[in-house]
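Note sheet for the following structure.
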Amino acid sequence: MHPNFDLSDCYTIQGKLALPYTYFAGSVGSIFLTTLRDRRKIMGIKCHTCGKVFVPPRQTCERCLEDIRDQWVELGDTGTLENFTVVRYADRHLPRRPPFVLGLIRLDGADTPLLHLVAGVVVDRVAEGLRVRAVFAAQPENTILGIDHFQPL
Amino acid sequence: MTIYFDVAVADIFATMPRRYRPEGAQGLQTTLGYDIRGEGRWKLTLAGDRMEIESTGDLSGCAAILCADGETFAGLTLGRIDPNEAMRAGKLQLEGDGEAFAATYRIFQKYSPPIPAIQPSQELLVLKKTISVHQRFATGPVFGKFLMGLKNRKILAIKCPSCGRLQSPPREACAICRVRNSEWVEIGPKGEMRMLEYCYYASPDPLTGETRETPYGAIGILLDGCRDEEVFWHLLRPDQLDKARRGIVLGDKVIHGSRLRPVWNETRTGSIDDILFFEIDEA
Amino acid sequence: MGYRKKNRHVGIVGIGTTKFSSHREEVNQPEMIHEAVRQALDDAGLAIDDIDCVLHGNMELFEMVHQPDLWHTLGSGALGRDALRLTTGGTTGGTLVGAADNLVASGMYDTVMAIGFEKLQEGHTTGGITNMADPLWARKLQSGALTDQAACKLIAEFGEERARRAAMTYRIIMDQHACKNPNSHRAFGLSWDQIDDLMKTSPPLIGDLRLIHMCSQSDGACAIIFAAEKKAKDITNWPVWIRDHITVHREETLNLCNNYYPTATTHRFAAAQLYARNGIADPLAYFDVFEMYDPSAWWGVDWLRDFFLLEGDAHLRLVEERQIAIDGRMPINPSGGVLAANPIGATAMVRVAEAAKQIRGNAGPHQIPKPVRHALASSFGGTMWTVLFMLEKELNWQGV
């Protein structure tokens, strides 16, 4: 710091950044979420070039860069926990009170893991390889929280 | 039937009766023919405040006939194709009194394409969210000293040791000379209005998320002791928006703006709000 | 200036632009981007594996997605490739092109794809721009990119009547161009007899800046593929060469203090430097087309003076005599310019894309009716930030 500056003049001011946003799921994303909501089915999309099944689905295979939007496949609601973390702090943007588990779940028949909540199990008992099943939300939900959480089989 | 520019040629003719403006026709009496290749032929009869458009194979008796393909005609109607260019390219031919067609632009309201029928489409989901993040901003020593000055009803500027220009609010460095500013001087607090943004548009104040009240005036004030572009940015008293004049510099000529003075906030905390606004300096 | 010549020439070999629109509910961000990427790859006849590096740019606060380039690999083709993200406000698209030019010219990469995008329907544009201002001072005062300083300046110099009429004349010429461009977001079909009416009835935004003068908020994306000379000639029969580009900025203008129309603009400074080092004595005579980043009709009129280094009222006369029209002496924005569509992170890049397509001769219905060999394209960012490009049809300027 330059000697001419007086640190006694330094202080902080409270501020805020608040703006409205509107996000569009798009055609593919909307089919995925409305099917989840209305039919309680988890849909994926398969790339016929590389053979990968993506959940959540996407319009383009980012590996082959091919349009795969119509190549829907229906998946079951069971899968395997591939990785997880235990959230142990509270914040207003978090979906649950701590402690809770965020897991990467690979549904049977899918090639990509889905990020979701794992509940119905003691936090310290959660382990990779755990077999889980989707529990659908009681109330209709237009987000990925149409699945309320995954719980052990 | 082909669609050009989202428009069916038949629709242009079908909407003519409701687009008719008799006041534009001014008693004009004539019959015009339209020969649109691949689409059909239409005959337009204008008689005083009445008009008639009929789809007919027979264009005999027309004072003038316009011949074009469907794309050219749709493009001309929408203003997407220039008539002179279309003539030059041989895509538009006029037989007889060609001027008569120019008059139709006055006689009919501009054609606008139909709003596409809403197809029974899928439900498209949308997520609306006001994202709000709390922040804490550090003033640093230079801005902090300036804001503390406001708290004490003083407007401070920092001076470049090289070019001598004043910056207020101040910065640590003069970005033009690339040297560290060092000397503080007090400026104003009165000055002359040099810039006025008379804002009607209600934009959100990102510091609060609240929509600003309009109209408001964001102003640049050349405070006493400053020169050229060294204006100070703040607000004008809302009820003086139409009263205060802004000064202008045009080459060597200076037209002076209204003299302004700050109105200080009773409770000052060391922030931009320590000055409520500037008002016209009169007794 | 520390200007160095390029190690090798850089050509534009593929161009993709989406249709611009106020709403794209049927696609999310990476899906919209992919439309431009796919078009650019197809235009160049390349596969994604032919691309060495992907550049990506927009403004975070417009969509409020942090590090959007990560999500956007679902459409950008950047997966497993070298990639950079750039953001410089309104100039983002120009900075992307400039960076691609540098990366290829330096020898770092042979083939680079740059992608600019914005989905402005998803956020609040003016609120987002206001956040660029200093939080302790100017955020309270600034209203995004809306300002009438150019109007004030023109009115002070040329009188209300002449200045207002020139701005509306400019606006209507741009609308006529926009009507020819199938990608336009806004094309009203304005006619000359509406000038007097619009000058009075269009809703005022700030001072003399009315809604009709201002650019839109659009959704859309643009992708351009660049290649080194040898590769460019292999890829396509009609590469468009980037002869030179310059970046000039003056960030203190609006950021914190001294918010006053600067006496020497970055546009004029950039133009003077660029022409001098390329031996362009008379830019009006040299260039066949100019795609200008014109956020409002007032700025459009005012900046003609700066970009062509004009004096007096020469810029006004260009407008009044309609010489800037598509068939005029100096066609400005045959695409309709920023007034026709403004997907901000893509906008400056669309200027380069449109100028390049004019040189290729395949701009579409808004192709200008005379041969185009030399094109100028500009970018503008909030705090008087300029990126200016010279594009050429032929590789014949060596030795200048």
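In the structure tokens, the first chain shown is A, the next is B, and so on; residue numbers restart at 1 for each chain, and ligands run from 1 in the order shown.
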**OP:** Can you pull out every residue within 12 Å of Ala102 in chain B, counting only C-alpha atoms, but drop anything in the same chain fewer than 6 positions away, and send it as a PyMOL selection string?
**Re:** chain B and resi 25+32+64+66+76-77+83-84+94+108
**OP:** Considering only C-alpha atoms, return as a ChimeraX atom specification whatever protein or nucleic-acid residues lie within 8 Å of Ala355 in chain C, sequence-local ones (same chain, fewer than 4 positions apart) excluded.
**Re:** /C:289-291,351,359,375-377,391
I need the residues from that last selection saved to file as a PDB file, in the first residue's frame (with N, CA and C atoms), if you can.
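Listing of result_29.pdb after writing:
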```pdb
ATOM      1  N   VAL C 289     -18.244  -1.812 -48.242  1.00  0.00           N
ATOM      2  CA  VAL C 289     -19.372  -2.001 -47.328  1.00  0.00           C
ATOM      3  C   VAL C 289     -18.845  -1.859 -45.905  1.00  0.00           C
ATOM      4  N   PHE C 290     -19.715  -1.394 -45.016  1.00  0.00           N
ATOM      5  CA  PHE C 290     -19.337  -1.264 -43.612  1.00  0.00           C
ATOM      6  C   PHE C 290     -20.461  -1.834 -42.761  1.00  0.00           C
ATOM      7  N   GLU C 291     -20.144  -2.877 -42.011  1.00  0.00           N
ATOM      8  CA  GLU C 291     -21.087  -3.408 -41.024  1.00  0.00           C
ATOM      9  C   GLU C 291     -20.725  -2.798 -39.672  1.00  0.00           C
ATOM     10  N   ARG C 351     -21.544  -8.776 -37.198  1.00  0.00           N
ATOM     11  CA  ARG C 351     -21.051  -7.721 -38.090  1.00  0.00           C
ATOM     12  C   ARG C 351     -19.959  -8.303 -39.005  1.00  0.00           C
ATOM     13  N   ILE C 359     -18.591 -10.093 -48.946  1.00  0.00           N
ATOM     14  CA  ILE C 359     -17.413 -10.316 -49.794  1.00  0.00           C
ATOM     15  C   ILE C 359     -17.564 -11.624 -50.578  1.00  0.00           C
ATOM     16  N   ALA C 375     -14.119  -4.849 -46.960  1.00  0.00           N
ATOM     17  CA  ALA C 375     -15.192  -4.595 -46.011  1.00  0.00           C
ATOM     18  C   ALA C 375     -14.628  -4.166 -44.666  1.00  0.00           C
ATOM     19  N   LEU C 376     -15.417  -3.339 -43.985  1.00  0.00           N
ATOM     20  CA  LEU C 376     -15.068  -2.856 -42.660  1.00  0.00           C
ATOM     21  C   LEU C 376     -16.151  -3.371 -41.712  1.00  0.00           C
ATOM     22  N   ALA C 377     -15.747  -3.789 -40.510  1.00  0.00           N
ATOM     23  CA  ALA C 377     -16.730  -4.232 -39.520  1.00  0.00           C
ATOM     24  C   ALA C 377     -16.299  -3.738 -38.153  1.00  0.00           C
ATOM     25  N   LEU C 391     -11.648  -6.562 -43.702  1.00  0.00           N
ATOM     26  CA  LEU C 391     -11.747  -7.857 -44.384  1.00  0.00           C
ATOM     27  C   LEU C 391     -11.481  -7.664 -45.875  1.00  0.00           C
TER      28      LEU C 391
END
```
Which residues are near Tyr23 in chain A? Cut-off 7 Å, only C-alpha atoms, ignore same chain within fewer than 2 positions. Put them as a compact mmCIF listing (two decimals) with N, CA and C atoms, in the first residue's frame.
```txt
# COMPACT_ATOMS: atom_id res chain seq x y z
N TYR A 21 -34.94 -13.43 -13.77
CA TYR A 21 -34.53 -14.30 -14.88
C TYR A 21 -35.64 -15.27 -15.26
N ALA A 25 -36.66 -24.50 -20.71
CA ALA A 25 -36.13 -25.86 -20.72
C ALA A 25 -35.88 -26.32 -22.15
N VAL B 126 -40.94 -23.33 -18.41
CA VAL B 126 -40.16 -22.14 -18.13
C VAL B 126 -40.00 -22.01 -16.62
N LEU B 127 -38.84 -21.56 -16.23
CA LEU B 127 -38.55 -21.37 -14.81
C LEU B 127 -38.26 -19.89 -14.58
N LYS B 128 -39.08 -19.24 -13.78
CA LYS B 128 -38.86 -17.82 -13.49
C LYS B 128 -38.25 -17.69 -12.10
N GLU C 122 -34.03 -14.44 -21.51
CA GLU C 122 -33.92 -15.15 -20.23
C GLU C 122 -33.55 -14.23 -19.08
```
I'd like the neighbourhood of Thr112 in chain A as an mmCIF file with C-alpha atoms, in the first residue's frame, where a residue qualifies if any of its atoms comes within 10 Å (using only C-alpha atoms), though same-chain residues fewer than 3 positions away should be ignored.
```cif
data_model
loop_
_atom_site.group_PDB
_atom_site.id
_atom_site.type_symbol
_atom_site.label_atom_id
_atom_site.label_comp_id
_atom_site.auth_asym_id
_atom_site.auth_seq_id
_atom_site.Cartn_x
_atom_site.Cartn_y
_atom_site.Cartn_z
ATOM 1 C CA GLY A 44 -33.274 -40.731 -21.808
ATOM 2 C CA LYS A 52 -24.447 -43.719 -25.236
ATOM 3 C CA VAL A 53 -27.732 -43.143 -23.387
ATOM 4 C CA PHE A 54 -27.957 -39.680 -21.835
ATOM 5 C CA VAL A 55 -30.012 -38.845 -18.739
ATOM 6 C CA PRO A 56 -31.007 -36.034 -18.514
ATOM 7 C CA PRO A 57 -31.552 -36.115 -22.266
ATOM 8 C CA LEU A 104 -24.519 -39.137 -8.806
ATOM 9 C CA ILE A 105 -26.900 -41.914 -9.782
ATOM 10 C CA ARG A 106 -26.472 -43.948 -12.941
ATOM 11 C CA LEU A 107 -29.847 -45.354 -13.860
ATOM 12 C CA GLY A 109 -29.468 -48.632 -18.937
ATOM 13 C CA LEU A 115 -27.254 -35.565 -9.878
#
```
Subject >> Residues of chain B within 9 Å of chain A, counting only C-alpha atoms, as an MDAnalysis selection string >> reply: chainID B and resid 122:148 182 204:210 271
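Near Arg106 in chain B, within 9 Å and counting only C-alpha atoms, sit B:Arg21, B:Glu23, B:Gly24, B:Ala25; same-chain residues fewer than 6 positions away were not included.
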Selected residues, C-alpha atoms, written as an mmCIF file, in the first residue's frame, please.
```cif
data_model
loop_
_atom_site.group_PDB
_atom_site.id
_atom_site.type_symbol
_atom_site.label_atom_id
_atom_site.label_comp_id
_atom_site.auth_asym_id
_atom_site.auth_seq_id
_atom_site.Cartn_x
_atom_site.Cartn_y
_atom_site.Cartn_z
ATOM 1 C CA ARG B 21 -59.180 3.384 -46.930
ATOM 2 C CA GLU B 23 -60.236 8.599 -47.866
ATOM 3 C CA GLY B 24 -56.999 7.586 -49.627
ATOM 4 C CA ALA B 25 -58.824 6.807 -52.882
#
```
If we count only C-alpha atoms, what is near range 126-141 of chain A at a cut-off of 12 Å, once residues fewer than 4 positions away on the same chain are taken out, given as a compact mmCIF listing (two decimals) with N, CA and C atoms, in the first residue's frame?
```txt
# COMPACT_ATOMS: atom_id res chain seq x y z
N SER A 30 -38.31 -30.09 -21.97
CA SER A 30 -39.71 -30.06 -21.54
C SER A 30 -40.34 -31.45 -21.64
N LEU A 33 -39.17 -33.38 -18.60
CA LEU A 33 -39.75 -32.98 -17.32
C LEU A 33 -41.26 -33.23 -17.24
N THR A 34 -41.96 -33.04 -18.36
CA THR A 34 -43.41 -33.28 -18.30
C THR A 34 -43.70 -34.78 -18.22
N THR A 35 -42.85 -35.60 -18.84
CA THR A 35 -43.04 -37.05 -18.73
C THR A 35 -42.80 -37.50 -17.29
N LEU A 36 -41.79 -36.91 -16.71
CA LEU A 36 -41.49 -37.20 -15.30
C LEU A 36 -42.69 -36.83 -14.43
N ARG A 37 -43.27 -35.68 -14.72
CA ARG A 37 -44.35 -35.14 -13.89
C ARG A 37 -45.66 -35.92 -14.12
N ASP A 38 -45.99 -36.14 -15.41
CA ASP A 38 -47.32 -36.68 -15.73
C ASP A 38 -47.35 -38.20 -15.77
N ARG A 39 -46.26 -38.84 -16.19
CA ARG A 39 -46.28 -40.30 -16.35
C ARG A 39 -45.34 -41.00 -15.39
N ARG A 40 -44.62 -40.20 -14.62
CA ARG A 40 -43.67 -40.76 -13.66
C ARG A 40 -42.70 -41.73 -14.32
N LYS A 41 -42.24 -41.30 -15.47
CA LYS A 41 -41.27 -42.10 -16.22
C LYS A 41 -40.02 -41.26 -16.45
N ILE A 42 -38.88 -41.88 -16.34
CA ILE A 42 -37.61 -41.20 -16.61
C ILE A 42 -37.18 -41.57 -18.02
N LEU A 75 -36.41 -45.42 -19.45
CA LEU A 75 -35.57 -46.10 -18.47
C LEU A 75 -36.42 -46.47 -17.26
N GLY A 76 -35.89 -47.39 -16.50
CA GLY A 76 -36.58 -47.75 -15.25
C GLY A 76 -36.28 -46.71 -14.18
N ASP A 77 -36.73 -46.95 -12.96
CA ASP A 77 -36.45 -45.97 -11.92
C ASP A 77 -35.43 -46.49 -10.90
N THR A 78 -34.67 -47.50 -11.31
CA THR A 78 -33.62 -47.98 -10.41
C THR A 78 -32.24 -47.70 -10.99
N GLY A 79 -31.28 -47.57 -10.09
CA GLY A 79 -29.93 -47.30 -10.55
C GLY A 79 -28.93 -47.52 -9.44
N THR A 80 -27.69 -47.11 -9.73
CA THR A 80 -26.57 -47.34 -8.81
C THR A 80 -25.93 -46.01 -8.46
N LEU A 81 -25.64 -45.83 -7.17
CA LEU A 81 -24.97 -44.61 -6.73
C LEU A 81 -23.49 -44.70 -7.14
N GLU A 82 -23.08 -43.79 -7.99
CA GLU A 82 -21.69 -43.84 -8.49
C GLU A 82 -20.75 -43.00 -7.65
N ASN A 83 -21.28 -41.94 -7.08
CA ASN A 83 -20.46 -41.07 -6.25
C ASN A 83 -21.39 -40.21 -5.43
N PHE A 84 -20.90 -39.61 -4.37
CA PHE A 84 -21.80 -38.81 -3.52
C PHE A 84 -20.99 -37.85 -2.66
N THR A 85 -21.71 -36.90 -2.09
CA THR A 85 -21.10 -36.02 -1.10
C THR A 85 -22.15 -35.76 -0.03
N VAL A 86 -21.68 -35.52 1.19
CA VAL A 86 -22.60 -35.20 2.28
C VAL A 86 -22.53 -33.69 2.52
N PHE A 100 -27.41 -33.70 4.46
CA PHE A 100 -28.11 -34.48 3.44
C PHE A 100 -27.12 -34.93 2.37
N VAL A 101 -27.56 -35.87 1.52
CA VAL A 101 -26.63 -36.48 0.56
C VAL A 101 -26.99 -36.07 -0.86
N LEU A 102 -26.00 -35.57 -1.58
CA LEU A 102 -26.14 -35.35 -3.02
C LEU A 102 -25.38 -36.49 -3.71
N GLY A 103 -26.07 -37.19 -4.60
CA GLY A 103 -25.44 -38.35 -5.21
C GLY A 103 -25.45 -38.27 -6.73
N LEU A 104 -24.50 -38.95 -7.36
CA LEU A 104 -24.52 -39.14 -8.81
C LEU A 104 -25.03 -40.55 -9.05
N ILE A 105 -26.23 -40.62 -9.63
CA ILE A 105 -26.90 -41.91 -9.78
C ILE A 105 -26.94 -42.30 -11.25
N ARG A 106 -26.38 -43.47 -11.56
CA ARG A 106 -26.47 -43.95 -12.94
C ARG A 106 -27.63 -44.92 -13.01
N LEU A 107 -28.67 -44.50 -13.74
CA LEU A 107 -29.85 -45.35 -13.86
C LEU A 107 -29.49 -46.59 -14.69
N ASP A 108 -30.17 -47.68 -14.41
CA ASP A 108 -29.93 -48.90 -15.17
C ASP A 108 -30.23 -48.63 -16.65
N LEU A 114 -26.87 -39.04 -13.02
CA LEU A 114 -27.83 -37.97 -12.77
C LEU A 114 -27.58 -37.46 -11.36
N HIS A 116 -28.68 -36.04 -7.97
CA HIS A 116 -29.94 -35.93 -7.23
C HIS A 116 -29.72 -36.17 -5.75
N LEU A 117 -30.81 -36.05 -4.98
CA LEU A 117 -30.75 -36.24 -3.53
C LEU A 117 -30.88 -37.73 -3.22
N VAL A 118 -30.14 -38.18 -2.24
CA VAL A 118 -30.29 -39.55 -1.76
C VAL A 118 -30.78 -39.45 -0.32
N ALA A 119 -31.94 -40.05 -0.03
CA ALA A 119 -32.51 -39.97 1.31
C ALA A 119 -33.01 -41.34 1.73
N GLY A 120 -33.58 -41.40 2.92
CA GLY A 120 -34.10 -42.66 3.41
C GLY A 120 -32.98 -43.60 3.84
N VAL A 121 -31.85 -43.04 4.16
CA VAL A 121 -30.72 -43.85 4.59
C VAL A 121 -29.89 -42.99 5.55
N VAL A 122 -29.33 -43.63 6.57
CA VAL A 122 -28.47 -42.89 7.50
C VAL A 122 -27.27 -42.37 6.72
N LEU A 145 -36.98 -31.82 -9.62
CA LEU A 145 -37.55 -32.25 -8.35
C LEU A 145 -38.93 -32.89 -8.54
N GLY A 146 -39.31 -33.19 -9.79
CA GLY A 146 -40.41 -34.11 -10.05
C GLY A 146 -40.06 -35.49 -9.50
N ILE A 147 -38.76 -35.77 -9.45
CA ILE A 147 -38.26 -36.88 -8.62
C ILE A 147 -37.94 -36.24 -7.27
N ASP A 148 -38.59 -36.70 -6.21
CA ASP A 148 -38.34 -36.08 -4.91
C ASP A 148 -36.93 -36.42 -4.42
N HIS A 149 -36.59 -37.70 -4.51
CA HIS A 149 -35.25 -38.14 -4.11
C HIS A 149 -35.06 -39.59 -4.57
N PHE A 150 -33.89 -40.12 -4.34
CA PHE A 150 -33.64 -41.56 -4.54
C PHE A 150 -33.45 -42.19 -3.17
N GLN A 151 -33.95 -43.41 -3.02
CA GLN A 151 -33.73 -44.09 -1.74
C GLN A 151 -33.28 -45.52 -2.00
N PRO A 152 -32.63 -46.13 -1.02
CA PRO A 152 -32.09 -47.48 -1.23
C PRO A 152 -33.21 -48.46 -1.55
N LEU A 153 -32.89 -49.43 -2.39
CA LEU A 153 -33.88 -50.48 -2.74
C LEU A 153 -34.26 -51.27 -1.50
N LEU B 125 -41.66 -25.73 -20.97
CA LEU B 125 -41.52 -25.33 -19.56
C LEU B 125 -40.62 -24.12 -19.41
N VAL B 126 -40.94 -23.33 -18.41
CA VAL B 126 -40.16 -22.14 -18.13
C VAL B 126 -40.00 -22.01 -16.62
N LEU B 127 -38.84 -21.56 -16.23
CA LEU B 127 -38.55 -21.37 -14.81
C LEU B 127 -38.26 -19.89 -14.58
```
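Proximity to chain A at a cut-off of 7 Å picks out C:Glu25, C:Glu26, C:Val27, C:Asn28, C:Glu31, C:Thr73, C:Leu74, C:Gly75, C:Gly77, C:Leu79, C:Glu122, C:Gly123, C:His124, C:Gly127 on chain C, counting only C-alpha atoms.
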**OP:** Identify, with DSSP run on backbone atoms, the residues in range 66-220 of chain B assigned to strand (DSSP E), and express the list as an MDAnalysis selection string.
**Re:** chainID B and resid 66:69 92:96 126:138 155:159 166:167 173:174 179:180 183:187 191:199 216:220
Original post:
Could you name the residues that touch Gly11 in chain C at 9 Å or less, counting only C-alpha atoms, but leaving out those on the same chain fewer than 4 positions away, as a count of residues only?
Top reply: 14
As a PDB file with C-alpha atoms, in the first residue's frame, could you give me every residue of chain B near chain C (at most 7 Å apart, counting only C-alpha atoms)?
```
ATOM      1  CA  LEU B  78     -44.333  -6.566 -47.409  1.00  0.00           C
ATOM      2  CA  GLY B  79     -41.680  -4.059 -48.467  1.00  0.00           C
ATOM      3  CA  ARG B  80     -39.054  -6.802 -48.577  1.00  0.00           C
ATOM      4  CA  ILE B  81     -38.456  -6.394 -52.300  1.00  0.00           C
ATOM      5  CA  LEU B 124     -42.712 -25.761 -23.110  1.00  0.00           C
ATOM      6  CA  GLN B 167     -11.200  12.707 -10.683  1.00  0.00           C
ATOM      7  CA  SER B 168     -14.264  12.596  -8.486  1.00  0.00           C
ATOM      8  CA  PRO B 169     -15.261  10.022  -7.451  1.00  0.00           C
ATOM      9  CA  GLU B 197     -30.055  12.056 -18.977  1.00  0.00           C
ATOM     10  CA  TYR B 198     -33.795  12.643 -18.779  1.00  0.00           C
ATOM     11  CA  CYS B 199     -34.800   9.044 -18.011  1.00  0.00           C
ATOM     12  CA  TYR B 200     -38.286   7.830 -18.805  1.00  0.00           C
ATOM     13  CA  TYR B 201     -37.297   4.176 -18.893  1.00  0.00           C
ATOM     14  CA  SER B 203     -34.900   0.257 -15.156  1.00  0.00           C
ATOM     15  CA  PRO B 204     -34.289  -1.836 -12.049  1.00  0.00           C
ATOM     16  CA  ASP B 205     -31.839  -0.552  -9.492  1.00  0.00           C
ATOM     17  CA  PRO B 206     -29.564  -3.597  -9.290  1.00  0.00           C
ATOM     18  CA  ALA B 218     -29.043  11.548 -14.044  1.00  0.00           C
ATOM     19  CA  GLY B 220     -23.199  15.573 -14.952  1.00  0.00           C
ATOM     20  CA  GLU B 229     -14.706  16.557 -18.905  1.00  0.00           C
ATOM     21  CA  GLU B 230     -14.266  16.579 -15.118  1.00  0.00           C
ATOM     22  CA  VAL B 231     -17.988  16.331 -14.437  1.00  0.00           C
ATOM     23  CA  PHE B 232     -19.509  14.842 -11.307  1.00  0.00           C
ATOM     24  CA  TRP B 233     -22.269  12.287 -11.771  1.00  0.00           C
ATOM     25  CA  HIS B 234     -25.378  12.469  -9.587  1.00  0.00           C
ATOM     26  CA  ILE B 272     -23.737   8.195  -2.633  1.00  0.00           C
TER      27      ILE B 272
END
```
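Proximity of B:Pro114, B:Gly33, B:Pro17, B:Pro189 to Met51 in chain B, computed with only C-alpha atoms, is greatest for B:Pro17.
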